[in-house]
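What follows is start-v8.txt (compact mmCIF, C-alpha atoms and all ligand atoms).
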```txt
# COMPACT_ATOMS: atom_id res chain seq x y z
CA MET H 634 114.72 241.85 -6.59
CA ASN H 635 117.97 243.80 -6.93
CA GLU H 636 120.56 241.42 -8.46
CA PHE H 637 123.23 242.39 -5.92
CA TYR H 638 121.12 241.36 -2.93
CA GLN H 639 123.16 238.92 -0.78
CA LYS H 640 125.68 238.58 -3.64
CA ASP H 641 129.30 237.56 -2.98
CA ILE H 642 131.88 239.77 -4.69
CA PHE H 643 134.90 237.60 -5.52
CA SER H 644 136.10 238.98 -8.82
CA ILE H 645 135.49 241.90 -11.13
CA LYS H 646 135.03 239.21 -13.80
CA ASP H 647 131.71 238.29 -12.18
CA LEU H 648 130.37 241.82 -12.80
CA PRO H 649 129.16 242.46 -16.37
CA LYS H 650 129.21 246.04 -17.66
CA GLU H 651 125.53 246.66 -16.81
CA GLN H 652 126.22 245.74 -13.18
CA LEU H 653 129.31 247.97 -13.02
CA GLU H 654 127.28 250.83 -14.45
CA LYS H 655 124.54 250.15 -11.90
CA ILE H 656 127.07 250.46 -9.06
CA PHE H 657 128.26 253.76 -10.59
CA THR H 658 124.66 255.05 -10.79
CA PHE H 659 124.05 254.15 -7.15
CA THR H 660 127.39 255.71 -6.18
CA ASP H 661 126.27 258.98 -7.76
CA LYS H 662 123.00 258.64 -5.85
CA ILE H 663 124.84 258.08 -2.55
CA MET H 664 127.00 261.15 -3.18
CA GLN H 665 123.93 263.30 -3.82
CA LEU H 666 121.78 262.08 -0.93
CA ASP H 667 121.24 264.18 2.14
CA PRO H 668 123.37 262.61 4.96
CA SER H 669 120.31 261.84 7.09
CA ASP H 670 118.65 259.96 4.18
CA ARG H 671 121.95 258.19 3.44
CA ARG H 672 122.10 256.90 7.00
CA GLU H 673 118.79 255.03 6.47
CA ILE H 674 120.29 252.76 3.78
CA CYS H 675 121.97 250.25 6.12
CA LYS H 676 120.60 251.35 9.46
CA GLY H 677 121.13 248.59 12.03
CA LYS H 678 123.33 246.46 9.74
CA THR H 679 126.81 245.26 10.65
CA LEU H 680 129.87 244.81 8.45
CA GLY H 681 132.43 242.29 9.69
CA TYR H 682 136.00 242.56 8.41
CA LEU H 683 138.93 240.16 8.54
CA PHE H 684 142.25 241.52 7.32
CA PHE H 685 145.06 238.96 7.20
CA GLU H 686 147.28 241.51 5.40
CA PRO H 687 147.92 245.17 6.22
CA SER H 688 145.55 247.80 4.87
CA THR H 689 144.84 251.47 5.37
CA ARG H 690 142.42 252.54 2.61
CA THR H 691 140.40 249.41 1.98
CA ARG H 692 139.61 248.70 5.61
CA LEU H 693 139.02 252.32 6.58
CA SER H 694 136.96 253.08 3.49
CA PHE H 695 134.70 250.07 4.15
CA ASP H 696 134.38 251.25 7.75
CA ALA H 697 133.67 254.85 6.70
CA ALA H 698 131.30 253.68 3.96
CA MET H 699 129.26 251.58 6.39
CA ALA H 700 129.07 254.45 8.88
CA SER H 701 127.95 256.86 6.12
CA ILE H 702 124.96 254.63 5.31
CA GLY H 703 123.98 254.16 8.95
CA GLY H 704 125.56 250.79 9.69
CA ASN H 705 128.41 249.78 11.93
CA SER H 706 131.56 247.70 11.58
CA LEU H 707 133.51 245.26 13.70
CA GLY H 708 136.42 243.08 12.88
CA ILE H 709 139.99 241.96 13.09
CA SER H 710 142.74 243.94 11.43
CA ASP H 711 145.60 242.71 13.60
CA ILE H 712 145.44 238.98 13.12
CA SER H 713 148.14 238.44 15.77
CA SER H 714 145.59 239.45 18.41
CA SER H 715 142.99 236.93 17.21
CA SER H 716 142.53 233.25 18.00
CA THR H 717 144.22 232.30 14.73
CA GLN H 718 147.33 232.60 16.90
CA LYS H 719 145.99 229.65 18.93
CA GLY H 720 145.56 227.64 15.76
CA GLU H 721 141.94 228.48 14.84
CA SER H 722 141.30 227.79 11.15
CA LEU H 723 140.32 230.36 8.53
CA ALA H 724 137.04 228.45 8.10
CA ASP H 725 136.10 228.77 11.78
CA THR H 726 137.22 232.43 11.93
CA VAL H 727 135.03 233.25 8.91
CA LYS H 728 132.10 231.26 10.30
CA ILE H 729 132.23 233.15 13.60
CA MET H 730 132.52 236.53 11.91
CA SER H 731 129.55 235.72 9.69
CA ILE H 732 127.45 235.00 12.79
CA TYR H 733 128.18 238.47 14.17
CA SER H 734 127.70 240.43 10.93
CA ASP H 735 125.45 240.91 7.89
CA VAL H 736 128.26 241.08 5.33
CA LEU H 737 131.87 239.98 5.53
CA VAL H 738 134.92 241.72 4.02
CA LEU H 739 138.05 239.59 3.70
CA ARG H 740 141.65 240.38 2.77
CA HIS H 741 143.93 237.38 2.68
CA THR H 742 147.36 236.36 1.37
CA LEU H 743 145.95 233.44 -0.63
CA ASP H 744 144.42 233.49 -4.10
CA GLY H 745 140.90 232.05 -3.91
CA SER H 746 140.54 232.85 -0.20
CA SER H 747 137.24 234.72 -0.57
CA ARG H 748 135.65 231.91 -2.58
CA PHE H 749 136.70 229.50 0.15
CA ALA H 750 135.31 231.87 2.82
CA ALA H 751 131.96 232.05 1.05
CA GLU H 752 131.62 228.27 1.31
CA VAL H 753 131.53 228.50 5.10
CA SER H 754 130.10 232.00 5.61
CA GLU H 755 126.43 232.41 6.35
CA LYS H 756 126.58 235.96 4.95
CA PRO H 757 127.82 237.43 1.65
CA VAL H 758 131.59 237.80 1.29
CA ILE H 759 133.40 240.70 -0.39
CA ASN H 760 136.96 240.11 -1.56
CA ALA H 761 139.11 243.02 -0.27
CA GLY H 762 142.29 241.63 -1.85
CA SER H 763 143.27 238.00 -2.36
CA GLY H 764 146.96 237.22 -2.84
CA THR H 765 148.23 238.52 -6.17
CA GLU H 766 144.95 237.54 -7.79
CA GLU H 767 142.28 240.25 -7.46
CA HIS H 768 141.05 243.35 -5.66
CA PRO H 769 137.63 243.87 -7.23
CA THR H 770 136.36 246.79 -5.13
CA GLN H 771 139.57 248.70 -5.97
CA ALA H 772 138.81 248.22 -9.68
CA ILE H 773 135.25 249.46 -9.18
CA GLN H 774 136.61 252.63 -7.55
CA ASP H 775 139.28 253.00 -10.27
CA LEU H 776 136.73 252.74 -13.08
CA PHE H 777 134.39 255.13 -11.27
CA THR H 778 137.26 257.62 -10.81
CA ILE H 779 138.10 257.51 -14.52
CA LYS H 780 134.45 258.01 -15.40
CA LYS H 781 134.02 260.94 -13.01
CA GLU H 782 137.27 262.69 -13.85
CA LYS H 783 137.32 262.08 -17.64
CA LYS H 784 133.51 262.04 -18.09
CA LYS H 785 133.82 258.76 -20.03
CA ILE H 786 135.83 255.53 -20.21
CA ASP H 787 135.35 254.54 -23.86
CA GLY H 788 137.92 255.99 -26.23
CA LEU H 789 140.62 256.67 -23.64
CA LYS H 790 144.31 255.82 -23.87
CA ILE H 791 145.32 254.37 -20.50
CA GLY H 792 148.89 253.68 -19.38
CA ILE H 793 149.40 251.26 -16.49
CA ILE H 794 152.90 251.33 -15.09
CA GLY H 795 154.93 249.60 -12.40
CA ASP H 796 154.61 246.15 -10.90
CA LEU H 797 152.27 244.38 -13.28
CA LYS H 798 153.33 240.93 -12.13
CA TYR H 799 152.36 241.07 -8.47
CA GLY H 800 149.93 244.03 -8.36
CA ARG H 801 146.46 242.51 -7.88
CA THR H 802 144.78 245.85 -8.53
CA VAL H 803 146.16 245.71 -12.08
CA TYR H 804 144.49 242.36 -12.85
CA SER H 805 141.13 243.51 -11.55
CA LEU H 806 141.43 246.81 -13.42
CA LEU H 807 142.36 245.10 -16.71
CA HIS H 808 139.38 242.75 -16.46
CA GLY H 809 137.15 245.72 -15.61
CA LEU H 810 138.50 247.76 -18.54
CA GLY H 811 137.70 244.80 -20.79
CA ASN H 812 134.09 246.01 -20.69
CA TYR H 813 135.03 249.27 -22.43
CA ASP H 814 136.56 250.37 -25.73
CA VAL H 815 139.96 251.51 -24.47
CA ASP H 816 143.57 251.46 -25.68
CA VAL H 817 145.78 250.17 -22.84
CA ARG H 818 149.58 250.50 -22.68
CA LEU H 819 151.25 248.27 -20.08
CA ILE H 820 154.64 249.59 -18.98
CA SER H 821 156.92 247.69 -16.60
CA PRO H 822 160.43 246.37 -16.10
CA GLU H 823 160.88 243.18 -18.13
CA SER H 824 160.80 241.03 -14.97
CA LEU H 825 157.50 242.57 -13.80
CA ARG H 826 155.44 242.09 -16.97
CA ILE H 827 151.86 240.94 -16.58
CA ARG H 828 151.71 237.21 -15.78
CA SER H 829 151.41 235.11 -18.92
CA ASP H 830 148.75 232.86 -17.37
CA SER H 831 146.41 235.88 -17.29
CA THR H 832 147.13 237.46 -20.66
CA TYR H 833 145.22 234.84 -22.65
CA GLU H 834 141.94 235.65 -20.88
CA ILE H 835 142.51 239.43 -20.79
CA LYS H 836 143.38 239.54 -24.52
CA LYS H 837 139.94 238.17 -25.38
CA LYS H 838 138.32 241.43 -24.22
CA LEU H 839 141.00 244.11 -24.21
CA ASN H 840 143.49 245.70 -26.61
CA PHE H 841 146.82 246.27 -24.91
CA THR H 842 150.50 246.66 -25.74
CA GLU H 843 153.48 245.90 -23.49
CA SER H 844 156.64 247.97 -23.17
CA THR H 845 159.43 248.86 -20.77
CA SER H 846 159.49 252.52 -21.86
CA LEU H 847 157.11 255.18 -20.56
CA ASP H 848 158.66 257.73 -22.94
CA GLU H 849 157.11 255.93 -25.93
CA HIS H 850 153.61 256.59 -24.61
CA ILE H 851 153.70 259.49 -22.20
CA ASP H 852 152.47 262.26 -24.54
CA GLU H 853 149.49 260.23 -25.77
CA LEU H 854 147.92 259.10 -22.50
CA ASP H 855 144.60 260.30 -21.05
CA VAL H 856 145.13 258.32 -17.84
CA LEU H 857 148.38 257.22 -16.20
CA TYR H 858 147.74 254.54 -13.55
CA VAL H 859 150.86 254.12 -11.41
CA THR H 860 151.49 251.13 -9.15
CA ARG H 861 153.96 250.37 -6.40
CA ILE H 862 156.62 247.68 -6.76
CA GLN H 863 155.30 245.09 -4.30
CA LYS H 864 158.43 244.34 -2.29
CA GLU H 865 156.61 241.92 0.03
CA ARG H 866 155.69 239.57 -2.82
CA PHE H 867 159.21 239.04 -4.21
CA PRO H 868 160.59 235.60 -3.35
CA ASP H 869 164.13 237.06 -3.52
CA GLU H 870 165.08 240.54 -2.22
CA GLU H 871 167.93 240.75 -4.76
CA GLU H 872 165.33 240.67 -7.53
CA TYR H 873 163.40 243.49 -5.84
CA LEU H 874 166.53 245.64 -5.57
CA LYS H 875 167.11 245.29 -9.33
CA VAL H 876 163.76 246.95 -10.15
CA LYS H 877 163.29 249.26 -7.14
CA GLY H 878 162.79 252.85 -8.28
CA SER H 879 162.43 251.86 -11.96
CA TYR H 880 159.89 254.62 -12.66
CA VAL H 881 159.32 257.88 -10.84
CA VAL H 882 156.59 260.29 -11.94
CA GLY H 883 157.88 263.79 -11.25
CA LEU H 884 157.42 267.30 -12.63
CA ASP H 885 159.77 266.61 -15.58
CA LEU H 886 157.55 263.78 -16.72
CA LEU H 887 154.40 265.82 -16.11
CA LYS H 888 155.63 268.41 -18.66
CA GLN H 889 155.58 265.70 -21.34
CA MET H 890 152.00 264.63 -20.58
CA LYS H 891 148.80 265.88 -22.16
CA ASP H 892 147.53 268.84 -20.17
CA ASP H 893 144.42 266.92 -19.09
CA CYS H 894 146.04 263.53 -18.42
CA ILE H 895 145.01 262.30 -14.97
CA ILE H 896 147.38 260.40 -12.68
CA LEU H 897 145.89 257.60 -10.59
CA HIS H 898 147.43 255.24 -8.02
CA PRO H 899 145.65 252.66 -5.85
CA LEU H 900 148.08 253.64 -3.04
CA PRO H 901 150.06 253.16 -0.89
CA ARG H 902 152.84 254.86 -2.83
CA ILE H 903 156.50 254.54 -1.93
CA ASP H 904 158.60 256.64 -4.31
CA GLU H 905 156.94 256.13 -7.69
CA ILE H 906 155.10 259.49 -7.62
CA SER H 907 156.98 262.52 -6.28
CA PRO H 908 155.06 264.44 -3.61
CA GLU H 909 155.48 267.59 -5.77
CA ILE H 910 152.87 266.07 -8.13
CA ASP H 911 150.24 265.96 -5.38
CA ASN H 912 149.11 269.57 -5.78
CA THR H 913 148.91 269.53 -9.55
CA LYS H 914 145.53 269.37 -11.32
CA ASN H 915 146.59 266.05 -12.86
CA ALA H 916 146.95 264.20 -9.54
CA LYS H 917 143.67 262.42 -8.79
CA TYR H 918 144.81 259.63 -6.45
CA PHE H 919 143.42 261.21 -3.31
CA GLU H 920 140.06 261.81 -5.04
CA GLN H 921 140.30 258.15 -6.12
CA ALA H 922 140.64 257.12 -2.45
CA GLU H 923 137.60 259.25 -1.58
CA TYR H 924 135.52 257.73 -4.39
CA GLY H 925 136.45 254.36 -2.87
CA LYS H 926 134.36 255.16 0.18
CA HIS H 927 131.32 256.06 -1.96
CA THR H 928 131.59 253.10 -4.35
CA ARG H 929 131.87 250.72 -1.37
CA ALA H 930 128.87 252.37 0.30
CA ALA H 931 126.84 251.86 -2.89
CA LEU H 932 127.92 248.21 -3.11
CA LEU H 933 127.05 247.56 0.54
CA GLY H 934 123.69 249.26 0.12
CA LEU H 935 122.89 247.07 -2.87
CA ILE H 936 124.08 243.84 -1.22
CA LEU H 937 122.13 244.47 1.98
CA ASN H 938 118.81 245.80 0.58
CA GLU H 939 116.58 243.42 -1.34
CA ASN H 940 115.01 246.21 -3.38
CA GLY H 941 118.04 248.50 -3.61
CA PHE H 942 117.82 251.96 -2.12
N1 LIG C 1 144.59 250.38 -2.36
C1 LIG C 1 144.64 249.58 -1.28
O1 LIG C 1 144.23 248.42 -1.31
O2 LIG C 1 145.18 250.17 -0.17
P1 LIG C 1 145.35 249.46 1.23
O3 LIG C 1 146.33 248.32 1.05
O4 LIG C 1 145.85 250.52 2.16
O5 LIG C 1 144.00 248.92 1.65
```

I'd like the structure from this file rewritten - as structure tokens, please.
Ligand code: CP
Amino acid sequence: MNEFYQKDIFSIKDLPKEQLEKIFTFTDKIMQLDPSDRREICKGKTLGYLFFEPSTRTRLSFDAAMASIGGNSLGISDISSSSTQKGESLADTVKIMSIYSDVLVLRHTLDGSSRFAAEVSEKPVINAGSGTEEHPTQAIQDLFTIKKEKKKIDGLKIGIIGDLKYGRTVYSLLHGLGNYDVDVRLISPESLRIRSDSTYEIKKKLNFTESTSLDEHIDELDVLYVTRIQKERFPDEEEYLKVKGSYVVGLDLLKQMKDDCIILHPLPRIDEISPEIDNTKNAKYFEQAEYGKHTRAALLGLILNENGF
């Protein structure tokens, strides 16, 4: 039996390197398949989504992924129009959604929400973002993007810049990168350094340095992963205003980078990458969003087919 069959996806930490590489192999397969063959993979299956926080890419890419492999999707993306407004619990909402679907995708404000959902769901649960904790399918797409665009992950120098305190994609990416031999440079304002409760675990698997200066690293990087300052997670707006606009990647900065350095961003972006970067050969964040559809299709195909596809 395929080891992903009916598997919950809570954290990138639950996926050893062999399993990540298997998802990448099946993503390549999905991308090469004839569309009519691809539509056989999850024919007749239903994805149910519950988004308690806003989303563009994650929800739409799951939706597009399911359609590309022949399945369909239903769900709630505007929680204010659901019966949670009448006081229905998360447990009951999840239970109901799991009755109507074959796999459930959950985004929620609370850390640990997907693990809780899996306790009541009759179907596998995929974490599509839980609080400031994790966003495992984003990390899968990020690692796949690096592998596709740089032809390898091992040996790369990777800068991760921006809001490292609240950005859940960063935590999932760091744990994912822990499976590879990489040199990671974390760059952030002092107040947005990676949370100290996570560094102990990450340090066991990953070499990284911390700095407030991008200039120190910019000419050495193979990958620059930019993140948004997460305004909505600051307890105090004054604190947000102090760090707003701390780093902006523009053409001046691009001139200092290695010619083949790629720029990634989980998106949405606010002002941390100038639009003038978009048409350069270094900008790969829209390709990254496209790979997200294919990696999610591969994951769904593996979760929903006992013998893979
Ligand atoms: N990268 C990401 O999670 O984007 P959305 O918030 O639009 O889903």

* Report as a ChimeraX atom specification which protein, DNA and RNA residues come within 10 Å of ligand LIG 1 (chain C), using all atoms listed in the file. => /H:684,686-695,740,761-762,768-772,774-775,801-802,860,898-902,921-922,925

Dump C-alpha atoms for the selected residues as a short mmCIF file (atom, residue, chain, number, x, y, z; two decimals), keeping the file's coordinate frame?
```cif
data_model
loop_
_atom_site.label_atom_id
_atom_site.label_comp_id
_atom_site.auth_asym_id
_atom_site.auth_seq_id
_atom_site.Cartn_x
_atom_site.Cartn_y
_atom_site.Cartn_z
CA PHE H 684 142.25 241.52 7.32
CA GLU H 686 147.28 241.51 5.40
CA PRO H 687 147.92 245.17 6.22
CA SER H 688 145.55 247.80 4.87
CA THR H 689 144.84 251.47 5.37
CA ARG H 690 142.42 252.54 2.61
CA THR H 691 140.40 249.41 1.98
CA ARG H 692 139.61 248.70 5.61
CA LEU H 693 139.02 252.32 6.58
CA SER H 694 136.96 253.08 3.49
CA PHE H 695 134.70 250.07 4.15
CA ARG H 740 141.65 240.38 2.77
CA ALA H 761 139.11 243.02 -0.27
CA GLY H 762 142.29 241.63 -1.85
CA HIS H 768 141.05 243.35 -5.66
CA PRO H 769 137.63 243.87 -7.23
CA THR H 770 136.36 246.79 -5.13
CA GLN H 771 139.57 248.70 -5.97
CA ALA H 772 138.81 248.22 -9.68
CA GLN H 774 136.61 252.63 -7.55
CA ASP H 775 139.28 253.00 -10.27
CA ARG H 801 146.46 242.51 -7.88
CA THR H 802 144.78 245.85 -8.53
CA THR H 860 151.49 251.13 -9.15
CA HIS H 898 147.43 255.24 -8.02
CA PRO H 899 145.65 252.66 -5.85
CA LEU H 900 148.08 253.64 -3.04
CA PRO H 901 150.06 253.16 -0.89
CA ARG H 902 152.84 254.86 -2.83
CA GLN H 921 140.30 258.15 -6.12
CA ALA H 922 140.64 257.12 -2.45
CA GLY H 925 136.45 254.36 -2.87
#
```

* Find the spatial neighbours of Leu743 (chain H), counting only C-alpha atoms, within a cut-off of 12 Å - ignore same-chain residues fewer than 4 positions away - and output them as a ChimeraX atom specification. => /H:684-686,723,739,747-750,760-767,801,866

* What is the distance between CA of Phe637 (chain H) and CA of Asp744 (chain H), in Å to one decimal? -> 23.1 Å

* Could you give me, as a list in words, the residues within 10 Å of His850 (chain H), counting only C-alpha atoms and dropping anything in the same chain fewer than 3 positions from it? => Lys790, Ile791, Gly792, Arg818, Leu819, Ile820, Ser844, Ser846, Leu847, Glu853, Leu854, Leu857, Gln889 and Met890 of chain H

* Determine, counting all atoms listed in the file, which protein, DNA and RNA residues have an atom within 6 Å of an atom of Ala916 (chain H); residues of the same chain fewer than 3 positions away are not included. Present the result as a list of chain:residue names. => H:Ile896, H:Asp911, H:Thr913

Create the file for the chosen residues now, containing C-alpha atoms and written as an mmCIF file, keeping the file's coordinate frame.
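Written file, selection-v1.cif:
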```cif
data_model
loop_
_atom_site.group_PDB
_atom_site.id
_atom_site.type_symbol
_atom_site.label_atom_id
_atom_site.label_comp_id
_atom_site.auth_asym_id
_atom_site.auth_seq_id
_atom_site.Cartn_x
_atom_site.Cartn_y
_atom_site.Cartn_z
ATOM 1 C CA ILE H 896 147.380 260.400 -12.680
ATOM 2 C CA ASP H 911 150.240 265.960 -5.380
ATOM 3 C CA THR H 913 148.910 269.530 -9.550
#
```

* **Minimum-distance residue to Gly681 (chain H), chosen among H:Leu886, H:Val856, H:Leu933, H:Cys894 (using only C-alpha atoms)** =>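 Comparing H:Leu886, H:Val856, H:Leu933, H:Cys894 against Gly681 (chain H), the winner is H:Leu933.
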
* To do: Tell me which protein, DNA and RNA residues are within 8 Å of region 650-655 of chain H, counting all atoms listed in the file, leaving out same-chain ones fewer than 2 positions away, and put them as a list in words.
  =>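 Here the qualifying residues turn out to be Leu648, Phe657, Thr658, Phe659, Ile773 and Asn812 of chain H.
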
* Measuring atom to atom with all atoms listed in the file, identify which of H:Gly795, H:Gly703, H:Pro649, H:Gly811 is nearest to Ser669 (chain H). =>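 Checking each of H:Gly795, H:Gly703, H:Pro649, H:Gly811 against Ser669 (chain H), counting all atoms listed in the file, the winner is H:Gly703.
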
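Distance-wise, CA of Ala700 (chain H) and CA of His741 (chain H) end up 23.5 Å apart.
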
* Asked: Between CA of Ser716 (chain H) and CA of Ile759 (chain H), what is the distance, to one decimal in Å?
  ->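 These atoms are spaced 21.8 Å apart.
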
* Please provide as a ChimeraX atom specification all residues within 12 Å of Leu666 (chain H), with the sequence filter that same-chain residues fewer than 5 positions apart are discarded (counting all atoms listed in the file). => /H:659-661,671-674,701-702,927,931,942

* To do: For a cut-off of 10 Å around (142.5, 240.4, 13.7), file coordinates, pick out all residues using only C-alpha atoms and list them as a PyMOL selection string.
  => chain H and resi 682-686+708-718+726

First collect every listed atom of region 671-685 of chain H; then fit an axis-aligned box around them, widen it by 6 Å on each side, and give centre and edge lengths in Å to one decimal, as AutoDock Vina command-line options.
```
--center_x 131.9 --center_y 248.6 --center_z 7.7 --size_x 38.3 --size_y 31.2 --size_z 20.6
```

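Comparing H:Asp725, H:Asp855, H:Glu823, H:Glu909 by their smallest distance to Val881 (chain H), the closest is H:Glu909 (using only C-alpha atoms).
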
* With distances taken over only C-alpha atoms, which of H:Leu797, H:Lys781, H:Thr928, H:Asn938 is nearest to Ile895 (chain H)? -> H:Lys781

* Residue with smallest distance to Ile906 (chain H) - pool H:Glu782, H:Gly878, H:Phe643, H:Lys888, counting all atoms listed in the file ->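 For Ile906 (chain H), the nearest of the given residues is H:Gly878.
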
* Pick from H:Tyr799, H:Tyr918, H:Phe777, H:Tyr733 nearest to Val859 (chain H), counting only C-alpha atoms ->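 Using only C-alpha atoms, the shortest distance to Val859 (chain H) belongs to H:Tyr918.
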